[in-house]
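Participant: What follows is a structure written as structure tokens; I'll ask about it next.
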Amino acid sequence: MLSNPYINALLTVLGAVIFIVTTSLGLGYTARWIAKIRGAKARVQEGAFAGYLFAAPWIIGFFIFVLIPLCFSLYWSFTDYRVISNEPANWIGLQNYSKLLLDDDGFRQSVVNTTYLTVLGLPLQIGVALLLAVLLNQKLKGERVFRMAFYLPVILGFNTAVLLCWRLMLNTGTGIINQIIRGLSNLFPPFGYLNRSGIFIQELSSAFFLGISNSNFTLLRKVWEVGFPSEVRVPLWVQSPLWSKMPVVLLMIWGCGTMMLIFLAGLNNIPKELNEAAEVDGATKWKQFWKISFPLLSPYIFYNLVVGMINALQIFEPIFILYRDNQPLVPSAISMVYYLWQASFSHFEIGYGSAISWIILIIILIITYIQFKMQDRWVTYDLY
Amino acid sequence: MKKRNLLVLLSLMLIVGLLSACGTPADTVEEPADAAVEEVVEDTTEEDTSADSEEETAPVSLKIYLLDYTPDTIAWLNSEINPAFEAAHPGTTVQITEGSWSGWDITFSGFFAAGAGPDIINLGSEMNTLYGESLADMDVYLGEGAWDDINNFGPALENAKYEGKLRGLPIFTAPRYVFCRTDLIEASGWASGTPQNFADWVEFGAQASVIDEVTNSLSQQALVPVDAGSMADWQWWLLVYYSLGGELYKNDGSPNFDSAEALATTEFMLDMRQAIYGSALDAVGSLPTGQGSVIDVNDETSKDNGAVCLAHSGWAAPPFDRPIWENVSIDPFYGDPENFPNSRPVVLAFNDWLAVPDYSENKELAADWLKMAFSKEANHKWNETMGLIPARNDAQFGYVIESPQLAREAELAAEYGVGFAGIMESAKLSTIMQEALGKLVTEELTPQDVVEKIQEDYIAALAE
């Protein structure tokens, strides 16, 4: 048997190429044959052959990398397959699903956390993206630089250096975010009061959500009993389970560059005449935005809402990066996809993990369907 | 015309590729500098001469997957061990792939799911129970009857076993010690050195921690365990628990989290956390994030990094050449002898080990490579590149005893080392404990609730 790694690699590549070429030709010939059976003319037959031949690499890729894994995942979700076990997967019917939906407190916790992140994080993300887009649309000097700066987080992603920067910025004592809060509180005492109110509301809401997750509202009661935070209190970003979700929301907002670009494109598409006419009629800038720009941006908002919702429901990376080596905070921030990862790649329960992934898919499908059903009520396509 | 040229070019590329692939890799075999490597080469060469000649001619690639080793270690393996091994096994090439502990689990599950992958993989202490079923029984190659050197391995060898059978060999032992800054202890008015019972620790925690009033956060933390911010990491819990003489499982194999030791451990964790951070809902901020070890001094500012004591592995302590070591003591964690007579000083011993997966078709070759890389001299050299304590007892010479810190660490490891191994469903236990301990920190659950929850959930996890 050949074991030279170089030859092996070359043979693998050659094999892959031969496989793609032969299956593509096979698909093309099959399409032509079917067209022939249907009595199509020779030209149509050739068209079918060429069309399927050129589309074949993508179709084959879809089968191999999407459809087949999808089928395996569906099958495994009805089994107790565990990847490190030497025992074969046993068919257990709907057990995984019933356990997930009825007995698994951890999954319930992840659903509640994901809901929190979606309900709080997504509107903030869309809001900030829209605000930045409106600001950049003012055609100010250096617009391109700002556009690039705001889009940069999307390119940078969540790498180690980014994580380190965020950890430094979120440090309770010396982090720049708390330093700014502290500085502003000292300079403007009303801001300090606002900050403490924010801390109180955030801790109450977080304790409420943790209470739902755990079916135990002791923490909420304690937060209420302790009352309004003292003057020296600052957010305990990556330190307390009561605060662990907020840095994730911050990271979501930080990565709003793609949404911003879409809004910017939308703003550029709005005819200037509409705003000019409104200006002649005496409408203020504020009124122009809410009466003209905002309604005409609704298809873009809808797009960002759908895509943003899907992304928020699948949130994983920021939590993984922030808390992977800060294990005590994981349960208070865990999302559905993190839970899926934990079941599949930490506990190696592939069957259970597959069931989680299908539940997540169903949740996303239902929410997206509702969003599409409701778009008639507020999305206007008049301009398009 | 263009089509023909393209075809000619493609054919040429294919031929060139095939020709270059057919050539043997550049001969990089160097004379092994290490005496021990020479010795092992001789041994294995002798064995090989009697081997089937067919085996010699069949080219084989031995694949090794290592996680987060230093460049020095990899360079040493590539310049000394692998060439020597390849020379002793003609036709064999050794390929080292470097991975990271971040994401290892996904990679490994891929290997095991596919039933294909490296012949030798890098595992951590508690993973013998996790992957045990899928690892090869290496007793036939490395056991007492097959390899005399196996008797020279210290207690870390237990972490490389599953169901009593060897699955690989341990590289180093990296216990968790209690490092304390003697100067800061004195400065805080604490006269009796490293605390030796729970009550003292809690008192010391409050006395030696300093809060910066401007930032309302710690500027000095009396004790920094694993995860300094929450002080509720499950590994820290286990260390404290073992120091009370606690056992993870009862005689019938069921979990022992309903024991008095488990409750006392949990209460101690909460007491320590409150002594340092205050109550959960009025907690102060954690130590600033800085460079270097938390018990070291920042060279630029000449300020302390903030920790008085550090309960962690040696890698979290300052490098041995730092001047701060004049003021650092190394101790085990003493438990609570006054309240728990079975208390014992403990250093929780972690280690890395190399295992041979059951799917490997080159088990014997893998064993030969392990024998070479884990000879007395090689195990010593490997660890010297990282500044760690070799798993082999007879390899603990030279830099190990010349460095007072390593000598002390090795002494404590030998005397008080408790392996971080043999934990059933360790990943699930970690998840269960972290969830419960997280609620302990927020005071959402009482210590009693916490141990009850862990016991109940862990029993359910084991039953699955």
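Ordering of the structure tokens sets the chain letters (A, B, ...); residue numbers start at 1 within each chain; ligands are numbered from 1 in the order shown.
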Within 7 Å of chain B, which residues of chain A show up when using only C-alpha atoms, listed as JSON, numbers by chain?
Facilitator: {"A": [3, 4, 6, 7, 83, 84, 85, 86, 168, 171, 172, 173, 174, 218, 219, 223, 232, 236, 239, 326, 327, 328, 329, 331, 345, 346, 347]}
Participant: Enumerate, as a ChimeraX atom specification, the complete set of residues in stretch 341-427 of chain B that a backbone-based DSSP assignment places in strand (DSSP E).
Facilitator: /B:347-350,352-355,389-390,417-419
Participant: Give me the residues within 12 Å of B:Ala191 as a compact mmCIF listing (two decimals) with C-alpha atoms, in the first residue's frame, counting only C-alpha atoms and dropping any in the same chain fewer than 3 places off.
Facilitator:
# COMPACT_ATOMS: atom_id res chain seq x y z
CA THR B 182 5.87 36.19 52.02
CA ASP B 183 6.56 39.95 51.90
CA LEU B 184 2.91 40.78 51.20
CA ILE B 185 1.72 38.34 53.87
CA GLU B 186 3.90 40.10 56.43
CA ALA B 187 2.85 43.53 55.19
CA SER B 188 -0.79 42.62 55.69
CA THR B 194 0.54 30.35 54.51
CA PRO B 195 -2.76 29.53 56.27
CA ASP B 200 -7.32 30.90 58.98
CA PHE B 204 -6.54 35.84 55.99
CA GLN B 207 -7.24 40.73 56.17
CA ALA B 208 -4.89 40.55 53.22
Participant: List the spatial neighbours of stretch 246-252 of chain B as a ChimeraX atom specification - criterion: any atom at most 10 Å away, only C-alpha atoms, same-chain residues fewer than 6 positions off excluded.
Facilitator: /B:238-240,259-262,265,340,342-344,422-424
Participant: Write out as a ChimeraX atom specification each polymer residue whose atoms come within 10 Å of stretch 402-412 of chain B, counting only C-alpha atoms; drop sequence neighbours fewer than 4 positions from it.
Facilitator: /B:173-177,314,319-321,325,328-332,345-347,387-390,393,396-398,416-417
Participant: Mind listing the helix (DSSP H, G or I) residues of stretch 159-340 of chain A, per DSSP on the backbone, as a ChimeraX atom specification?
Facilitator: /A:160-170,176-187,189-214,218-226,245-254,257-269,272-280,285-296,298-313,317-323,327-333,336-340
Participant: Give me the residues within 10 Å of A:Leu25 as a PyMOL selection string, counting only C-alpha atoms and dropping any in the same chain fewer than 3 places off.
Facilitator: chain A and resi 19-22+28-31+49-50+52-54+56
